[in-house]
$ cat work33.txt   # compact mmCIF, C-alpha atoms
# COMPACT_ATOMS: atom_id res chain seq x y z
CA MET U 1 62.53 -2.64 12.72
CA SER U 2 61.35 -0.48 9.83
CA VAL U 3 59.72 2.85 10.29
CA GLU U 4 56.75 3.66 8.07
CA ARG U 5 57.13 7.08 6.49
CA PRO U 6 54.23 9.49 6.04
CA PRO U 7 52.48 8.99 2.68
CA SER U 8 52.80 12.72 1.94
CA LEU U 9 56.51 12.29 1.37
CA PHE U 10 55.76 10.07 -1.63
CA ALA U 11 52.81 12.00 -3.09
CA GLY U 12 54.74 12.94 -6.23
CA VAL U 13 56.58 9.66 -6.83
CA GLU U 14 54.00 8.01 -9.11
CA PRO U 15 53.60 10.99 -11.46
CA LEU U 16 57.37 11.29 -11.70
CA GLU U 17 57.70 7.58 -12.47
CA VAL U 18 55.09 7.79 -15.22
CA PHE U 19 56.85 10.77 -16.80
CA VAL U 20 60.19 8.96 -16.66
CA GLU U 21 58.67 5.81 -18.17
CA LEU U 22 57.03 7.64 -21.07
CA LEU U 23 59.94 9.94 -21.85
CA ALA U 24 62.87 7.56 -21.21
CA GLU U 25 63.02 6.32 -24.82
CA LEU U 26 63.01 9.80 -26.34
CA ASP U 27 66.16 11.60 -27.43
CA THR U 28 67.14 14.84 -29.13
CA GLU U 29 66.22 13.37 -32.54
CA THR U 30 62.62 12.64 -31.47
CA SER U 31 60.12 14.92 -33.15
CA SER U 32 58.44 17.60 -31.07
CA THR U 33 55.04 16.06 -31.80
CA ASP U 34 56.06 12.66 -30.37
CA PHE U 35 57.55 14.38 -27.32
CA TYR U 36 54.42 16.37 -26.47
CA ASP U 37 52.14 13.44 -27.36
CA ARG U 38 53.88 11.50 -24.59
CA ILE U 39 53.29 14.32 -22.11
CA CYS U 40 49.59 14.39 -23.02
CA GLU U 41 49.48 10.61 -22.57
CA ALA U 42 51.06 10.92 -19.13
CA ILE U 43 48.47 13.51 -18.10
CA CYS U 44 45.63 11.20 -19.14
CA ARG U 45 47.16 8.22 -17.36
CA LEU U 46 47.64 10.12 -14.11
CA THR U 47 44.27 11.87 -13.99
CA THR U 48 40.66 11.19 -14.93
CA MET U 49 41.12 13.10 -18.19
CA ARG U 50 40.56 11.14 -21.40
CA ARG U 51 41.56 13.75 -23.98
CA ALA U 52 44.39 16.24 -23.74
CA ALA U 53 46.16 18.62 -26.09
CA ILE U 54 49.02 21.06 -25.60
CA PHE U 55 48.99 24.47 -27.29
CA MET U 56 52.12 26.60 -27.34
CA ALA U 57 52.91 30.10 -28.55
CA ASP U 58 55.49 30.85 -31.24
CA ALA U 59 56.37 34.49 -30.62
CA ALA U 60 58.42 34.80 -33.79
CA ARG U 61 55.64 33.61 -36.09
CA ARG U 62 53.00 35.32 -33.94
CA ARG U 63 50.81 32.25 -33.70
CA VAL U 64 49.66 29.54 -31.35
CA HIS U 65 49.75 25.97 -32.54
CA VAL U 66 48.95 22.50 -31.24
CA VAL U 67 52.16 20.58 -30.47
CA GLY U 68 50.81 17.32 -29.05
CA ALA U 69 47.63 15.42 -28.24
CA HIS U 70 46.31 12.19 -26.74
CA GLY U 71 42.85 10.66 -27.01
CA THR U 72 41.89 13.05 -29.79
CA SER U 73 42.88 13.74 -33.38
CA PHE U 74 46.04 15.77 -33.72
CA ARG U 75 45.37 16.26 -37.43
CA GLN U 76 41.91 17.66 -36.77
CA LEU U 77 43.35 20.10 -34.26
CA MET U 78 45.92 21.24 -36.82
CA THR U 79 43.32 21.85 -39.53
CA LEU U 80 41.04 24.07 -37.45
CA GLN U 81 43.27 27.15 -37.87
CA PRO U 82 41.71 29.43 -35.22
CA THR U 83 44.84 28.97 -33.12
CA PRO U 84 46.13 32.58 -33.27
CA THR U 85 43.45 33.54 -30.73
CA LEU U 86 43.50 30.45 -28.53
CA LEU U 87 45.87 31.74 -25.84
CA SER U 88 43.95 35.01 -25.76
CA ALA U 89 40.70 33.11 -25.12
CA PRO U 90 39.20 33.83 -21.66
CA ILE U 91 39.86 30.36 -20.22
CA ALA U 92 43.54 30.43 -21.28
CA GLN U 93 44.03 33.97 -20.04
CA ARG U 94 42.62 33.06 -16.62
CA ALA U 95 44.86 30.01 -16.40
CA LEU U 96 48.04 31.82 -17.44
CA LEU U 97 47.53 35.10 -15.58
CA GLY U 98 46.35 33.40 -12.40
CA ASP U 99 48.76 30.43 -12.69
CA GLU U 100 45.89 28.14 -11.85
CA VAL U 101 43.84 25.28 -13.26
CA VAL U 102 40.58 26.63 -14.66
CA VAL U 103 37.46 24.51 -15.17
CA VAL U 104 34.60 25.78 -17.33
CA ASN U 105 31.30 23.97 -17.89
CA GLU U 106 29.04 26.86 -18.84
CA ASP U 107 29.04 28.83 -22.10
CA ILE U 108 32.01 26.95 -23.54
CA GLU U 109 31.62 28.83 -26.84
CA ASP U 110 32.47 32.05 -25.01
CA GLN U 111 35.61 30.55 -23.47
CA VAL U 112 37.30 28.93 -26.48
CA PRO U 113 37.03 29.34 -30.27
CA ARG U 114 33.64 27.95 -31.31
CA GLU U 115 35.21 25.51 -33.77
CA TYR U 116 36.88 23.58 -30.93
CA ALA U 117 33.73 23.19 -28.87
CA GLU U 118 31.59 22.15 -31.84
CA LEU U 119 34.02 19.67 -33.40
CA PHE U 120 34.93 17.80 -30.23
CA GLY U 121 31.62 18.06 -28.36
CA ILE U 122 33.19 19.76 -25.35
CA THR U 123 30.83 20.51 -22.46
CA THR U 124 33.36 20.81 -19.62
CA LEU U 125 36.93 21.90 -20.28
CA VAL U 126 39.97 21.97 -18.02
CA CYS U 127 42.77 24.42 -18.84
CA THR U 128 46.16 24.01 -17.13
CA PRO U 129 48.96 26.56 -17.47
CA LEU U 130 52.17 25.26 -19.00
CA SER U 131 54.60 27.57 -17.23
CA ALA U 132 57.74 27.48 -15.11
CA ALA U 133 60.30 29.92 -13.71
CA GLY U 134 58.06 32.87 -14.52
CA ARG U 135 57.78 31.96 -18.21
CA ALA U 136 54.51 30.91 -19.84
CA TYR U 137 54.84 28.48 -22.75
CA GLY U 138 51.19 27.64 -23.39
CA VAL U 139 48.28 25.67 -21.97
CA ILE U 140 47.11 22.08 -21.62
CA CYS U 141 43.43 21.64 -22.53
CA ALA U 142 41.76 18.45 -21.35
CA ASP U 143 38.38 16.84 -20.70
CA ARG U 144 36.82 13.45 -20.02
CA GLY U 145 35.69 12.83 -23.56
CA GLY U 146 32.51 14.87 -23.35
CA GLY U 147 29.89 15.37 -20.66
CA ARG U 148 29.88 17.58 -17.59
CA PHE U 149 32.01 16.87 -14.56
CA GLU U 150 33.46 18.52 -11.49
CA LEU U 151 37.13 18.54 -10.52
CA ASN U 152 38.05 17.94 -6.91
CA ALA U 153 40.82 19.87 -5.17
CA GLY U 154 43.25 16.93 -5.25
CA GLU U 155 43.03 16.40 -9.00
CA ARG U 156 43.14 20.14 -9.62
CA HIS U 157 46.43 20.35 -7.71
CA LEU U 158 47.77 17.28 -9.53
CA LEU U 159 47.03 18.86 -12.90
CA TRP U 160 48.73 22.08 -11.80
CA THR U 161 51.78 20.07 -10.70
CA LEU U 162 51.84 18.13 -13.98
CA GLY U 163 51.72 21.41 -15.89
CA LYS U 164 54.78 22.63 -13.99
CA THR U 165 56.57 19.30 -14.48
CA ALA U 166 55.79 19.28 -18.20
CA ALA U 167 57.10 22.85 -18.55
CA LEU U 168 60.32 21.97 -16.74
CA VAL U 169 60.80 18.83 -18.88
CA ALA U 170 60.19 20.87 -22.04
CA THR U 171 62.67 23.51 -20.85
CA ALA U 172 65.32 20.86 -20.21
CA ARG U 173 64.68 19.29 -23.62
CA ASN U 174 64.97 22.65 -25.36
CA ALA U 175 68.27 23.28 -23.58
CA THR U 176 69.56 19.87 -24.68
CA ARG U 177 68.50 20.49 -28.26
CA GLN U 178 70.23 23.89 -28.18
CA GLU U 179 73.43 22.25 -26.98
CA GLU U 180 73.12 19.76 -29.84
CA ARG U 181 72.68 22.63 -32.31
CA ASN U 182 75.76 24.31 -30.85
CA ARG U 183 77.71 21.08 -31.24
CA ARG U 184 76.65 20.70 -34.85
CA LEU U 185 77.54 24.29 -35.57
CA GLY U 186 80.96 23.66 -34.06
CA GLU U 187 81.41 20.64 -36.31
CA ARG U 188 80.48 22.66 -39.38
CA LEU U 189 82.82 25.47 -38.42
CA GLU U 190 85.56 22.90 -38.03
CA LEU U 191 84.67 21.52 -41.48
CA ALA U 192 84.91 25.00 -42.99
CA ARG U 193 88.25 25.56 -41.27
CA GLU U 194 89.59 22.22 -42.51
CA ILE U 195 88.49 22.93 -46.09
CA HIS U 196 90.16 26.32 -45.94
CA GLU U 197 93.41 24.99 -44.49
CA ARG U 198 93.73 21.81 -46.58
CA VAL U 199 91.85 22.47 -49.80
CA MET U 200 91.94 26.21 -50.39
CA GLN U 201 95.64 26.46 -49.60
CA ARG U 202 96.43 23.80 -52.20
CA LEU U 203 94.23 25.47 -54.80
CA PHE U 204 95.75 28.85 -54.03
CA GLY U 205 99.22 27.43 -54.66
CA VAL U 206 98.12 25.92 -57.98
CA THR U 207 96.55 29.25 -58.99
CA LEU U 208 99.79 31.08 -58.32
CA ALA U 209 101.73 28.57 -60.40
CA LEU U 210 99.30 28.77 -63.33
CA SER U 211 99.26 32.56 -63.27
CA ALA U 212 103.06 32.79 -63.70
CA SER U 213 104.21 34.47 -66.91
CA LYS U 214 106.72 31.77 -67.85
CA PRO U 215 105.64 28.31 -69.11
CA LEU U 216 105.60 25.44 -66.59
CA ASP U 217 108.18 22.72 -66.95
CA THR U 218 107.37 19.02 -66.55
CA ALA U 219 108.11 18.91 -62.82
CA GLU U 220 105.94 21.96 -62.13
CA ARG U 221 103.03 20.54 -64.14
CA ASP U 222 103.31 17.26 -62.23
CA ARG U 223 103.35 19.19 -58.97
CA CYS U 224 100.16 21.07 -59.94
CA ARG U 225 98.48 17.80 -60.94
CA VAL U 226 99.35 16.19 -57.60
CA GLU U 227 98.15 19.23 -55.65
CA MET U 228 94.83 19.20 -57.54
CA GLN U 229 94.35 15.49 -56.88
CA GLU U 230 95.17 15.95 -53.20
CA ALA U 231 92.77 18.90 -52.95
CA LEU U 232 89.94 16.86 -54.49
CA SER U 233 90.69 13.94 -52.17
CA ASP U 234 90.68 16.21 -49.11
CA LEU U 235 87.44 17.84 -50.19
CA ARG U 236 85.75 14.49 -50.87
CA SER U 237 86.72 13.05 -47.48
CA ALA U 238 85.56 16.19 -45.66
CA LEU U 239 82.17 16.32 -47.41
CA GLU U 240 81.47 12.63 -46.78
CA ARG U 241 80.93 13.40 -43.09
CA PRO U 242 77.26 13.57 -41.98
CA HIS U 243 77.31 17.24 -41.00
CA ALA U 244 74.15 18.28 -42.81
CA PRO U 245 70.80 17.81 -41.03
CA VAL U 246 68.04 16.03 -42.95
CA ALA U 247 65.30 18.43 -43.97
CA GLN U 248 62.10 17.85 -41.96
CA GLU U 249 58.62 17.82 -43.49
CA THR U 250 57.01 20.99 -42.16
CA GLY U 251 53.36 20.30 -42.92
CA THR U 252 52.92 23.82 -44.29
CA THR U 253 54.23 26.10 -47.03
CA LEU U 254 56.01 29.42 -47.21
CA ALA U 255 52.87 30.93 -48.78
CA LEU U 256 50.67 29.79 -45.88
CA GLU U 257 53.14 31.07 -43.31
CA LEU U 258 53.25 34.49 -44.95
CA ALA U 259 49.46 34.61 -45.31
CA HIS U 260 49.17 34.02 -41.56
CA LEU U 261 51.74 36.68 -40.74
CA VAL U 262 49.90 39.29 -42.79
CA GLN U 263 46.74 38.72 -40.69
CA ALA U 264 48.43 38.22 -37.30
CA PRO U 265 48.51 41.00 -34.71
CA GLY U 266 51.76 42.91 -34.26
CA PRO U 267 53.99 44.80 -36.69
CA GLN U 268 52.65 45.20 -40.21
CA VAL U 269 53.95 42.56 -42.61
CA ARG U 270 54.19 43.51 -46.30
CA VAL U 271 54.76 40.73 -48.83
CA ASP U 272 56.04 41.28 -52.36
CA TRP U 273 55.54 37.98 -54.18
CA PRO U 274 54.88 38.05 -57.93
CA GLU U 275 52.25 35.51 -58.94
CA ALA U 276 54.56 33.75 -61.39
CA VAL U 277 57.21 33.00 -58.75
CA LYS U 278 57.13 29.48 -57.31
CA VAL U 279 59.16 28.04 -54.45
CA PRO U 280 61.15 24.97 -55.60
CA PRO U 281 59.76 22.02 -53.56
CA GLU U 282 63.23 21.02 -52.37
CA VAL U 283 63.79 24.51 -51.00
CA GLU U 284 60.47 24.82 -49.10
CA PRO U 285 61.81 23.63 -45.69
CA LEU U 286 64.91 25.81 -46.03
CA ALA U 287 62.89 28.91 -47.01
CA GLN U 288 60.53 28.40 -44.06
CA SER U 289 63.48 27.90 -41.73
CA VAL U 290 65.16 31.13 -42.88
CA LEU U 291 61.87 33.03 -42.50
CA ALA U 292 61.35 31.69 -38.98
CA GLU U 293 64.91 32.48 -37.88
CA ALA U 294 64.69 35.98 -39.35
CA LEU U 295 61.45 36.62 -37.45
CA ARG U 296 62.94 35.27 -34.21
CA ASN U 297 65.75 37.78 -34.57
CA VAL U 298 63.22 40.54 -35.22
CA ALA U 299 61.37 39.58 -32.03
CA LYS U 300 64.60 39.54 -30.00
CA HIS U 301 66.47 42.56 -31.31
CA ALA U 302 63.97 45.02 -32.76
CA ARG U 303 60.71 46.87 -32.20
CA PRO U 304 59.65 47.17 -35.83
CA GLU U 305 56.74 49.00 -37.34
CA VAL U 306 57.04 47.17 -40.65
CA VAL U 307 58.50 43.82 -41.73
CA GLU U 308 58.96 43.51 -45.50
CA VAL U 309 59.23 40.11 -47.19
CA SER U 310 60.23 39.74 -50.84
CA VAL U 311 60.08 36.48 -52.81
CA ALA U 312 61.71 36.55 -56.22
CA SER U 313 63.04 34.26 -58.92
CA ASP U 314 64.76 34.38 -62.29
CA GLU U 315 66.21 31.80 -64.64
CA ASP U 316 69.16 31.13 -62.34
CA THR U 317 68.12 31.74 -58.72
CA PHE U 318 65.33 31.74 -56.16
CA SER U 319 65.55 34.34 -53.41
CA LEU U 320 63.79 35.25 -50.17
CA GLU U 321 64.53 38.51 -48.38
CA ILE U 322 63.24 39.73 -45.00
CA ARG U 323 63.79 43.36 -43.98
CA ASN U 324 62.71 45.18 -40.84
CA ASP U 325 63.11 48.53 -39.16
CA GLY U 326 63.17 49.35 -35.45
CA VAL U 327 66.56 47.76 -34.69
CA ALA U 328 67.97 48.97 -31.38
CA PRO U 329 71.47 50.53 -31.48
CA GLY U 330 74.14 47.93 -30.75
CA ALA U 331 71.82 44.95 -31.32
CA ARG U 332 73.70 41.97 -32.72
CA GLY U 333 70.72 40.69 -34.72
CA ALA U 334 72.24 37.37 -35.85
CA GLY U 335 72.07 34.36 -33.58
CA MET U 336 72.81 30.66 -33.73
CA GLY U 337 69.70 29.92 -35.80
CA LEU U 338 70.72 32.15 -38.71
CA ARG U 339 74.22 30.71 -38.74
CA LEU U 340 72.83 27.17 -38.88
CA ALA U 341 70.44 28.23 -41.66
CA ALA U 342 73.44 29.56 -43.57
CA PHE U 343 75.13 26.15 -43.35
CA GLU U 344 71.90 24.45 -44.40
CA ALA U 345 71.76 26.74 -47.44
CA LEU U 346 75.23 25.56 -48.44
CA GLN U 347 73.84 22.05 -48.87
CA HIS U 348 71.55 23.47 -51.59
CA GLY U 349 74.40 25.37 -53.21
CA GLY U 350 72.94 28.59 -51.84
CA VAL U 351 73.85 31.28 -49.37
CA VAL U 352 72.25 33.20 -46.50
CA ASP U 353 73.60 36.67 -45.85
CA PHE U 354 72.45 39.07 -43.15
CA GLY U 355 73.41 42.46 -41.88
CA ALA U 356 72.41 46.09 -41.40
CA PRO U 357 72.27 47.94 -44.74
CA GLU U 358 71.54 51.15 -42.86
CA ALA U 359 70.93 52.44 -39.34
CA ALA U 360 68.01 50.88 -37.42
CA ARG U 361 67.36 48.36 -40.20
CA TRP U 362 68.23 44.70 -40.66
CA ARG U 363 68.14 42.34 -43.63
CA VAL U 364 68.24 38.55 -44.05
CA ARG U 365 68.50 37.15 -47.58
CA LEU U 366 68.46 33.60 -48.94
CA VAL U 367 69.61 32.92 -52.50
CA VAL U 368 69.52 29.39 -53.97
CA PRO U 369 70.52 28.41 -57.53
CA ARG U 370 67.46 27.05 -59.32
CA SER U 371 69.61 24.60 -61.29
CA VAL U 372 70.76 23.01 -57.99
CA ALA U 373 67.28 22.99 -56.52
CA SER U 374 65.71 21.37 -59.59
CA HIS U 375 68.24 18.52 -59.80
CA GLU U 376 68.55 17.46 -56.17
$ encode --input "work33.txt" --output "structure tokens"
Amino acid sequence: MSVERPPSLFAGVEPLEVFVELLAELDTETSSTDFYDRICEAICRLTTMRRAAIFMADAARRRVHVVGAHGTSFRQLMTLQPTPTLLSAPIAQRALLGDEVVVVNEDIEDQVPREYAELFGITTLVCTPLSAAGRAYGVICADRGGGRFELNAGERHLLWTLGKTAALVATARNATRQEERNRRLGERLELAREIHERVMQRLFGVTLALSASKPLDTAERDRCRVEMQEALSDLRSALERPHAPVAQETGTTLALELAHLVQAPGPQVRVDWPEAVKVPPEVEPLAQSVLAEALRNVAKHARPEVVEVSVASDEDTFSLEIRNDGVAPGARGAGMGLRLAAFEALQHGGVVDFGAPEAARWRVRLVVPRSVASHE
């Protein structure tokens, strides 16, 4: 004889199943846009919403950007560009500060940037906080495709639950991606160690032999030739491993990122970029990555008044330098991201160096040979 269980025990099973179904095929290589698009799709499938978009804050770049959408144009959302103020809009502030689902159907233009309401014909908007464990990541904005509507208590609670679930899933994914970055860094450190032990030691021995004052006899010359051949073979086999990540298309440029930073609230950003200096196209993703990692370190380890960015170039090299003040005593200032950026720079024949040139200041500098960049 079976005993029927109360339906309340299974109230969250269907939403969980839908999330599992939509996210099961994703892995750490899946783009962030595809990942958050799936979450928006799940929200629309589980509720009466027809359009949904997720907006998240990037503290380092001091901006808010759309990361996923369903039922609406992601490209249109990206091109609007009023995103720096979106999370400070009244509807988002109410949702995040109160940790509640907020529904607005009056004076939409006063609740969100006017461009959003006008472009998408929004008359009623639902804003769900994307937060978990006391940390706010962003908001989920949704509607029924236009027109006014009311939200009952059951669907309001479901949206709140989905916001929490989405935040937890995103947190778990970020942790997995960080572990993957740590693993890749470990592989690259092992590569550097192997090159040092197998290649550099051989070359060092050959250098000593060639620097001797007496002429080399036949046996010694043969020995040097063998060591050089072995060193080249070791280096070739080591570099054939797929340790380098493929550069991702960013959808923006270093110039646009810096233009936004100059206008964004927070510490003053000064940019020194001579008009004649151009970023080599092959170096654009790397330059943006170094800038982002430098700013993340500023946000974590300093309370700066000024962040100075210099972009320079000559016949031989392209360089990007980020300097800031306000570094707390004892702050480490260099995390995993900068170390990975340094390895990425090696693939372009360049280098990333960072450190404290003086007390309470920090510097990150990227230098890439133009000859390498122009022939890749």
$ atom_distance --input "work33.txt" --atom1 "atom CA of U:Leu46" --atom2 "atom CA of U:Asp110"
28.8 Å
$ closest_residue --input "work33.txt" --among "U:Thr33, U:Ser319, U:Asn297, U:Thr161" --to "U:Val66" --atoms "all atoms listed in the file"
U:Thr33
$ atom_distance --input "work33.txt" --atom1 "atom CA of U:Thr47" --atom2 "atom CA of U:Glu155"
6.9 Å
$ atom_distance --input "work33.txt" --atom1 "atom CA of U:Gln263" --atom2 "atom CA of U:Phe74"
24.0 Å
$ closest_residue --input "work33.txt" --among "U:Pro281, U:Gly145, U:Pro90, U:Gly355" --to "U:Thr48" --atoms "all atoms listed in the file"
U:Gly145
$ closest_residue --input "work33.txt" --among "U:Arg223, U:Arg193, U:Arg144, U:His157" --to "U:Leu235" --atoms "only C-alpha atoms"
U:Arg193
$ residues_around --input "work33.txt" --residues "U:Arg363" --least-positions-apart "2" --cutoff "6 Å" --atoms "all atoms listed in the file" --output "compact mmCIF listing (two decimals) with C-alpha atoms, keeping the file's coordinate frame"
# COMPACT_ATOMS: atom_id res chain seq x y z
CA ILE U 322 63.24 39.73 -45.00
CA ARG U 323 63.79 43.36 -43.98
CA PHE U 354 72.45 39.07 -43.15
CA GLY U 355 73.41 42.46 -41.88
$ closest_residue --input "work33.txt" --among "U:Pro129, U:Met228, U:Arg221, U:Pro113" --to "U:Met200" --atoms "all atoms listed in the file"
U:Met228
$ closest_residue --input "work33.txt" --among "U:Arg361, U:Arg339, U:Lys278, U:Arg270" --to "U:Ala302" --atoms "all atoms listed in the file"
U:Arg361
$ closest_residue --input "work33.txt" --among "U:Pro285, U:Gly98, U:Gly146, U:Gly121" --to "U:Gly134" --atoms "only C-alpha atoms"
U:Gly98
$ closest_atom_pairs --input "work33.txt" --of "stretch 43-122 of chain U" --to "stretch 167-184 of chain U" --cutoff "12 Å" --atoms "all atoms listed in the file" --output "Markdown table"
| residue | atom | partner | partner_atom | distance |
| --- | --- | --- | --- | --- |
| U:Ile54 | CA | U:Ala167 | CA | 10.9 |
| U:Met56 | CA | U:Ala167 | CA | 10.8 |
| U:Val67 | CA | U:Ala170 | CA | 11.6 |
$ residues_around --input "work33.txt" --residues "U:Leu151" --least-positions-apart "3" --cutoff "12 Å" --atoms "all atoms listed in the file" --output "list in words"
Thr47, Thr48, Met49, Val101, Val102, Val103, Val104, Asn105, Thr124, Leu125, Val126, Cys127, Ala142, Asp143, Arg144, Arg148, Gly154, Glu155, Arg156, His157, Leu158 and Leu159 of chain U
$ decode --input "work33.txt" --residues "stretch 77-157 of chain U" --atoms "C-alpha atoms" --output "PDB file, in the first residue's frame"
ATOM      1  CA  LEU U  77      20.340  45.171 -25.253  1.00  0.00           C
ATOM      2  CA  MET U  78      24.118  45.358 -25.728  1.00  0.00           C
ATOM      3  CA  THR U  79      23.938  48.387 -28.018  1.00  0.00           C
ATOM      4  CA  LEU U  80      21.818  50.547 -25.714  1.00  0.00           C
ATOM      5  CA  GLN U  81      24.788  51.490 -23.500  1.00  0.00           C
ATOM      6  CA  PRO U  82      22.905  53.041 -20.546  1.00  0.00           C
ATOM      7  CA  THR U  83      23.887  50.026 -18.462  1.00  0.00           C
ATOM      8  CA  PRO U  84      26.184  51.809 -15.963  1.00  0.00           C
ATOM      9  CA  THR U  85      23.068  53.167 -14.221  1.00  0.00           C
ATOM     10  CA  LEU U  86      20.784  50.152 -14.526  1.00  0.00           C
ATOM     11  CA  LEU U  87      21.462  48.600 -11.122  1.00  0.00           C
ATOM     12  CA  SER U  88      21.123  52.024  -9.529  1.00  0.00           C
ATOM     13  CA  ALA U  89      17.676  52.442 -11.115  1.00  0.00           C
ATOM     14  CA  PRO U  90      14.841  52.569  -8.534  1.00  0.00           C
ATOM     15  CA  ILE U  91      13.306  49.206  -9.478  1.00  0.00           C
ATOM     16  CA  ALA U  92      16.679  47.399  -9.233  1.00  0.00           C
ATOM     17  CA  GLN U  93      17.563  49.110  -5.967  1.00  0.00           C
ATOM     18  CA  ARG U  94      14.250  48.058  -4.418  1.00  0.00           C
ATOM     19  CA  ALA U  95      14.738  44.471  -5.573  1.00  0.00           C
ATOM     20  CA  LEU U  96      18.326  44.184  -4.342  1.00  0.00           C
ATOM     21  CA  LEU U  97      18.023  46.084  -1.058  1.00  0.00           C
ATOM     22  CA  GLY U  98      14.741  44.434  -0.115  1.00  0.00           C
ATOM     23  CA  ASP U  99      15.672  41.003  -1.544  1.00  0.00           C
ATOM     24  CA  GLU U 100      12.257  40.835  -3.136  1.00  0.00           C
ATOM     25  CA  VAL U 101      10.546  40.617  -6.508  1.00  0.00           C
ATOM     26  CA  VAL U 102       9.386  44.084  -7.559  1.00  0.00           C
ATOM     27  CA  VAL U 103       6.615  44.703 -10.098  1.00  0.00           C
ATOM     28  CA  VAL U 104       6.152  48.141 -11.645  1.00  0.00           C
ATOM     29  CA  ASN U 105       3.380  49.095 -14.073  1.00  0.00           C
ATOM     30  CA  GLU U 106       3.238  52.852 -13.563  1.00  0.00           C
ATOM     31  CA  ASP U 107       5.777  55.448 -14.709  1.00  0.00           C
ATOM     32  CA  ILE U 108       8.164  52.861 -16.156  1.00  0.00           C
ATOM     33  CA  GLU U 109      10.400  55.649 -17.489  1.00  0.00           C
ATOM     34  CA  ASP U 110      11.109  56.686 -13.904  1.00  0.00           C
ATOM     35  CA  GLN U 111      12.056  53.150 -12.877  1.00  0.00           C
ATOM     36  CA  VAL U 112      14.469  52.113 -15.639  1.00  0.00           C
ATOM     37  CA  PRO U 113      16.568  53.982 -18.226  1.00  0.00           C
ATOM     38  CA  ARG U 114      14.146  55.472 -20.773  1.00  0.00           C
ATOM     39  CA  GLU U 115      15.877  53.730 -23.683  1.00  0.00           C
ATOM     40  CA  TYR U 116      14.832  50.306 -22.369  1.00  0.00           C
ATOM     41  CA  ALA U 117      11.181  51.180 -21.950  1.00  0.00           C
ATOM     42  CA  GLU U 118      10.915  52.875 -25.344  1.00  0.00           C
ATOM     43  CA  LEU U 119      12.754  50.243 -27.393  1.00  0.00           C
ATOM     44  CA  PHE U 120      10.979  47.199 -25.993  1.00  0.00           C
ATOM     45  CA  GLY U 121       7.539  48.704 -25.358  1.00  0.00           C
ATOM     46  CA  ILE U 122       7.585  47.803 -21.663  1.00  0.00           C
ATOM     47  CA  THR U 123       4.440  48.682 -19.708  1.00  0.00           C
ATOM     48  CA  THR U 124       4.811  46.284 -16.765  1.00  0.00           C
ATOM     49  CA  LEU U 125       8.225  45.109 -15.617  1.00  0.00           C
ATOM     50  CA  VAL U 126       9.228  42.454 -13.098  1.00  0.00           C
ATOM     51  CA  CYS U 127      12.630  42.770 -11.416  1.00  0.00           C
ATOM     52  CA  THR U 128      14.040  39.771  -9.516  1.00  0.00           C
ATOM     53  CA  PRO U 129      17.203  39.966  -7.417  1.00  0.00           C
ATOM     54  CA  LEU U 130      20.018  37.669  -8.492  1.00  0.00           C
ATOM     55  CA  SER U 131      21.622  37.133  -5.096  1.00  0.00           C
ATOM     56  CA  ALA U 132      22.719  34.361  -2.767  1.00  0.00           C
ATOM     57  CA  ALA U 133      24.678  33.976   0.480  1.00  0.00           C
ATOM     58  CA  GLY U 134      24.494  37.705   1.129  1.00  0.00           C
ATOM     59  CA  ARG U 135      26.068  38.623  -2.211  1.00  0.00           C
ATOM     60  CA  ALA U 136      24.193  40.499  -4.939  1.00  0.00           C
ATOM     61  CA  TYR U 137      25.263  39.690  -8.499  1.00  0.00           C
ATOM     62  CA  GLY U 138      22.617  41.576 -10.473  1.00  0.00           C
ATOM     63  CA  VAL U 139      18.952  41.442 -11.449  1.00  0.00           C
ATOM     64  CA  ILE U 140      16.637  39.517 -13.755  1.00  0.00           C
ATOM     65  CA  CYS U 141      14.263  41.801 -15.683  1.00  0.00           C
ATOM     66  CA  ALA U 142      11.235  40.154 -17.267  1.00  0.00           C
ATOM     67  CA  ASP U 143       7.793  40.857 -18.707  1.00  0.00           C
ATOM     68  CA  ARG U 144       5.061  39.190 -20.746  1.00  0.00           C
ATOM     69  CA  GLY U 145       6.027  40.766 -24.031  1.00  0.00           C
ATOM     70  CA  GLY U 146       4.238  44.057 -23.448  1.00  0.00           C
ATOM     71  CA  GLY U 147       0.936  44.999 -21.867  1.00  0.00           C
ATOM     72  CA  ARG U 148      -0.059  45.402 -18.240  1.00  0.00           C
ATOM     73  CA  PHE U 149      -0.444  42.459 -15.897  1.00  0.00           C
ATOM     74  CA  GLU U 150      -0.543  41.581 -12.230  1.00  0.00           C
ATOM     75  CA  LEU U 151       1.653  38.989 -10.523  1.00  0.00           C
ATOM     76  CA  ASN U 152       0.074  36.658  -8.014  1.00  0.00           C
ATOM     77  CA  ALA U 153       1.814  35.661  -4.788  1.00  0.00           C
ATOM     78  CA  GLY U 154       2.653  32.159  -6.041  1.00  0.00           C
ATOM     79  CA  GLU U 155       4.442  33.321  -9.178  1.00  0.00           C
ATOM     80  CA  ARG U 156       6.171  36.105  -7.258  1.00  0.00           C
ATOM     81  CA  HIS U 157       7.606  33.527  -4.845  1.00  0.00           C
TER      82      HIS U 157
END
